Amino acid sequence: MSQQVLEARELSKTFVSGGEPIAVFSGVSVALAAGQSLALVGRSGSGKSTLLNLLCGLERPDGGVISLLGERFDSREAEAPRQWTQRWARLRRGRIGVMFQEANLMPALSLLDNVRLRARLAEQPLEPCQSWLERLGIGELAERYPDQVSGGQRQRAALAMVFAMNPDLILADEPTGSLDRRTAEEVTAELFRLQAETGVALILATHDAELADQCQVTLDLAHGAADLTPGASAGPAP
Ligand SMILES: Nc1ncnc2c1ncn2[C@@H]1O[C@H](COP(=O)(O)OP(=O)(O)OP(=O)(O)O)[C@@H](O)[C@H]1O
């Protein structure tokens, strides 16, 4: 049986904007084991980015419980914000790889130094960093700076950074949304290839139905819960 990575139950989130509450979603549950992949879909504004932010601790839910890699975050418990933030920061530094639509690279560092920095923060060895760039087809660009390479090459570098930290979970928010179709397909193929090789769990927010189809299960935020832990039935049909 694969090791459980994530179990989130009955998550809800409401923002307040201009004094008015904006209920984004409620009752969302999701579970994921090592090696599994989940596509997060739903119309624009349905809360895909918000859910990813809850699952890496960048936002705090109003309701629900998140169990992740041995840590439990219960919105009903009055945990001090500082402690809650520190526990999440530790997970993001070492165990959760986060990717966004635009690669989040340090402009003053070469691609290789960006990868090394990420590995160092995650307390992973630095030696494989160059070979991660090579596996992603940009080994010869290692000494270039982010503004000296293309958007697709920057996203490949972002992938190298995520895999160099040897994470247990990758959260990717429209990671190919700013790339042309062909480049997006190439980068996506690398992502799924390396995910299969390493056995990391993956949650991918996307508007792209073809991309969503490549994941094992789809969670449509219009529908609610998805549970693909071993022994559980899969979530609702997309
Ligand atoms: N910090 C915030 N303050 C107020 N409202 C917010 C905040 N963040 C998000 N929202 C609102 O929450 C809703 C969900 O936003 P979110 O970005 O999660 O949707 P999404 O499904 O990722 O959309 P898209 O597909 O367009 O990226 C939207 O109505 C958005 O305006």
# chains A, B, ... in the order shown; residues from 1 in each chain; ligands from 1
>>> closest_atom_pairs(of="chain A", to="ligand 1", cutoff="10 Å", atoms="only C-alpha atoms and all ligand atoms", output="JSON lines")
{"residue": "A:Lys13", "atom": "CA", "partner": "ligand 1", "partner_atom_place_in_ligand_line": "12 (O)", "distance": 8.6}
{"residue": "A:Thr14", "atom": "CA", "partner": "ligand 1", "partner_atom_place_in_ligand_line": "12 (O)", "distance": 7.7}
{"residue": "A:Phe15", "atom": "CA", "partner": "ligand 1", "partner_atom_place_in_ligand_line": "4 (C)", "distance": 4.8}
{"residue": "A:Val16", "atom": "CA", "partner": "ligand 1", "partner_atom_place_in_ligand_line": "4 (C)", "distance": 5.8}
{"residue": "A:Ser17", "atom": "CA", "partner": "ligand 1", "partner_atom_place_in_ligand_line": "4 (C)", "distance": 5.2}
{"residue": "A:Gly18", "atom": "CA", "partner": "ligand 1", "partner_atom_place_in_ligand_line": "4 (C)", "distance": 8.8}
{"residue": "A:Glu20", "atom": "CA", "partner": "ligand 1", "partner_atom_place_in_ligand_line": "4 (C)", "distance": 9.5}
{"residue": "A:Pro21", "atom": "CA", "partner": "ligand 1", "partner_atom_place_in_ligand_line": "4 (C)", "distance": 8.6}
{"residue": "A:Ile22", "atom": "CA", "partner": "ligand 1", "partner_atom_place_in_ligand_line": "5 (N)", "distance": 6.5}
{"residue": "A:Ala23", "atom": "CA", "partner": "ligand 1", "partner_atom_place_in_ligand_line": "12 (O)", "distance": 7.5}
{"residue": "A:Val24", "atom": "CA", "partner": "ligand 1", "partner_atom_place_in_ligand_line": "13 (C)", "distance": 5.2}
{"residue": "A:Phe25", "atom": "CA", "partner": "ligand 1", "partner_atom_place_in_ligand_line": "14 (C)", "distance": 8.4}
{"residue": "A:Leu40", "atom": "CA", "partner": "ligand 1", "partner_atom_place_in_ligand_line": "21 (O)", "distance": 8.9}
{"residue": "A:Val41", "atom": "CA", "partner": "ligand 1", "partner_atom_place_in_ligand_line": "21 (O)", "distance": 7.6}
{"residue": "A:Gly42", "atom": "CA", "partner": "ligand 1", "partner_atom_place_in_ligand_line": "21 (O)", "distance": 6.1}
{"residue": "A:Arg43", "atom": "CA", "partner": "ligand 1", "partner_atom_place_in_ligand_line": "21 (O)", "distance": 6.0}
{"residue": "A:Ser44", "atom": "CA", "partner": "ligand 1", "partner_atom_place_in_ligand_line": "25 (O)", "distance": 3.5}
{"residue": "A:Gly45", "atom": "CA", "partner": "ligand 1", "partner_atom_place_in_ligand_line": "19 (O)", "distance": 3.5}
{"residue": "A:Ser46", "atom": "CA", "partner": "ligand 1", "partner_atom_place_in_ligand_line": "21 (O)", "distance": 4.0}
{"residue": "A:Gly47", "atom": "CA", "partner": "ligand 1", "partner_atom_place_in_ligand_line": "18 (O)", "distance": 3.2}
{"residue": "A:Lys48", "atom": "CA", "partner": "ligand 1", "partner_atom_place_in_ligand_line": "22 (O)", "distance": 3.9}
{"residue": "A:Ser49", "atom": "CA", "partner": "ligand 1", "partner_atom_place_in_ligand_line": "22 (O)", "distance": 3.8}
{"residue": "A:Thr50", "atom": "CA", "partner": "ligand 1", "partner_atom_place_in_ligand_line": "18 (O)", "distance": 3.7}
{"residue": "A:Leu51", "atom": "CA", "partner": "ligand 1", "partner_atom_place_in_ligand_line": "18 (O)", "distance": 6.5}
{"residue": "A:Leu52", "atom": "CA", "partner": "ligand 1", "partner_atom_place_in_ligand_line": "18 (O)", "distance": 8.1}
{"residue": "A:Asn53", "atom": "CA", "partner": "ligand 1", "partner_atom_place_in_ligand_line": "18 (O)", "distance": 8.3}
{"residue": "A:Leu54", "atom": "CA", "partner": "ligand 1", "partner_atom_place_in_ligand_line": "18 (O)", "distance": 10.0}
{"residue": "A:Glu59", "atom": "CA", "partner": "ligand 1", "partner_atom_place_in_ligand_line": "1 (N)", "distance": 8.7}
{"residue": "A:Gln101", "atom": "CA", "partner": "ligand 1", "partner_atom_place_in_ligand_line": "27 (O)", "distance": 9.7}
{"residue": "A:Asp173", "atom": "CA", "partner": "ligand 1", "partner_atom_place_in_ligand_line": "22 (O)", "distance": 8.0}
{"residue": "A:Glu174", "atom": "CA", "partner": "ligand 1", "partner_atom_place_in_ligand_line": "27 (O)", "distance": 7.9}
{"residue": "A:Gly177", "atom": "CA", "partner": "ligand 1", "partner_atom_place_in_ligand_line": "27 (O)", "distance": 10.0}
{"residue": "A:Ala205", "atom": "CA", "partner": "ligand 1", "partner_atom_place_in_ligand_line": "22 (O)", "distance": 7.6}
{"residue": "A:Thr206", "atom": "CA", "partner": "ligand 1", "partner_atom_place_in_ligand_line": "25 (O)", "distance": 7.4}
{"residue": "A:His207", "atom": "CA", "partner": "ligand 1", "partner_atom_place_in_ligand_line": "25 (O)", "distance": 6.7}
{"residue": "A:Leu221", "atom": "CA", "partner": "ligand 1", "partner_atom_place_in_ligand_line": "21 (O)", "distance": 8.1}
>>> residues_around(residues="Ala8 (chain A)", least_positions_apart="6", cutoff="8 Å", atoms="only C-alpha atoms", output="PyMOL selection string")
chain A and resi 28-31+64-67
>>> write_last_selection(atoms="C-alpha atoms", output="PDB file, in the first residue's frame")
ATOM      1  CA  VAL A  28     -13.804  20.195  -0.043  1.00  0.00           C
ATOM      2  CA  SER A  29     -11.986  16.978   0.850  1.00  0.00           C
ATOM      3  CA  VAL A  30      -9.023  15.460  -0.900  1.00  0.00           C
ATOM      4  CA  ALA A  31      -6.597  12.644  -0.188  1.00  0.00           C
ATOM      5  CA  GLY A  64     -11.474  21.773   8.025  1.00  0.00           C
ATOM      6  CA  VAL A  65      -8.427  19.716   8.831  1.00  0.00           C
ATOM      7  CA  ILE A  66      -5.275  19.096   6.775  1.00  0.00           C
ATOM      8  CA  SER A  67      -3.016  16.150   7.576  1.00  0.00           C
TER       9      SER A  67
END
>>> closest_residue(among="A:Gly35, A:Cys215, A:Pro61, A:Ala103", to="Leu179 (chain A)", atoms="only C-alpha atoms")
A:Ala103
>>> residues_around(residues="Ala39 (chain A)", least_positions_apart="5", cutoff="10 Å", atoms="only C-alpha atoms", output="JSON, numbers by chain")
{"A": [48, 172, 202, 203, 204, 205, 206, 207, 208, 209, 211, 212, 213, 214, 215, 216, 217, 218, 219, 220, 238]}
>>> atom_distance(atom1="CA of Met99 (chain A)", atom2="CA of Met161 (chain A)")
9.5 Å
>>> closest_atom_pairs(of="region 41-129 of chain A", to="region 144-158 of chain A", cutoff="9 Å", atoms="only C-alpha atoms", output="tab-separated table")
residue	atom	partner	partner_atom	distance
A:Met99	CA	A:Ala158	CA	7.1
A:Phe100	CA	A:Ala158	CA	9.0
A:Gln101	CA	A:Gln155	CA	8.5
A:Glu102	CA	A:Gln155	CA	7.2
A:Ala103	CA	A:Gln155	CA	5.3
A:Asn104	CA	A:Ala158	CA	6.9
A:Leu105	CA	A:Pro146	CA	6.8
A:Met106	CA	A:Pro146	CA	7.6
A:Pro107	CA	A:Pro146	CA	5.7
A:Ala108	CA	A:Tyr145	CA	7.0
A:Leu109	CA	A:Tyr145	CA	6.1
A:Ser110	CA	A:Tyr145	CA	4.3
A:Leu111	CA	A:Tyr145	CA	5.9
A:Leu112	CA	A:Arg144	CA	8.2
A:Asn114	CA	A:Ala157	CA	8.2
A:Val115	CA	A:Ala157	CA	7.3
>>> select_by_dssp(residues="region 27-127 of chain A", states="strand (DSSP E or B)", output="PyMOL selection string")
chain A and resi 27-33+37-41+63-68+71-74+96-99
>>> select_by_dssp(residues="region 50-166 of chain A", states="helix (DSSP H, G or I)", output="number ranges by chain")
A: 50-55, 81-94, 111-121, 128-135, 139-141, 146-148, 151-164
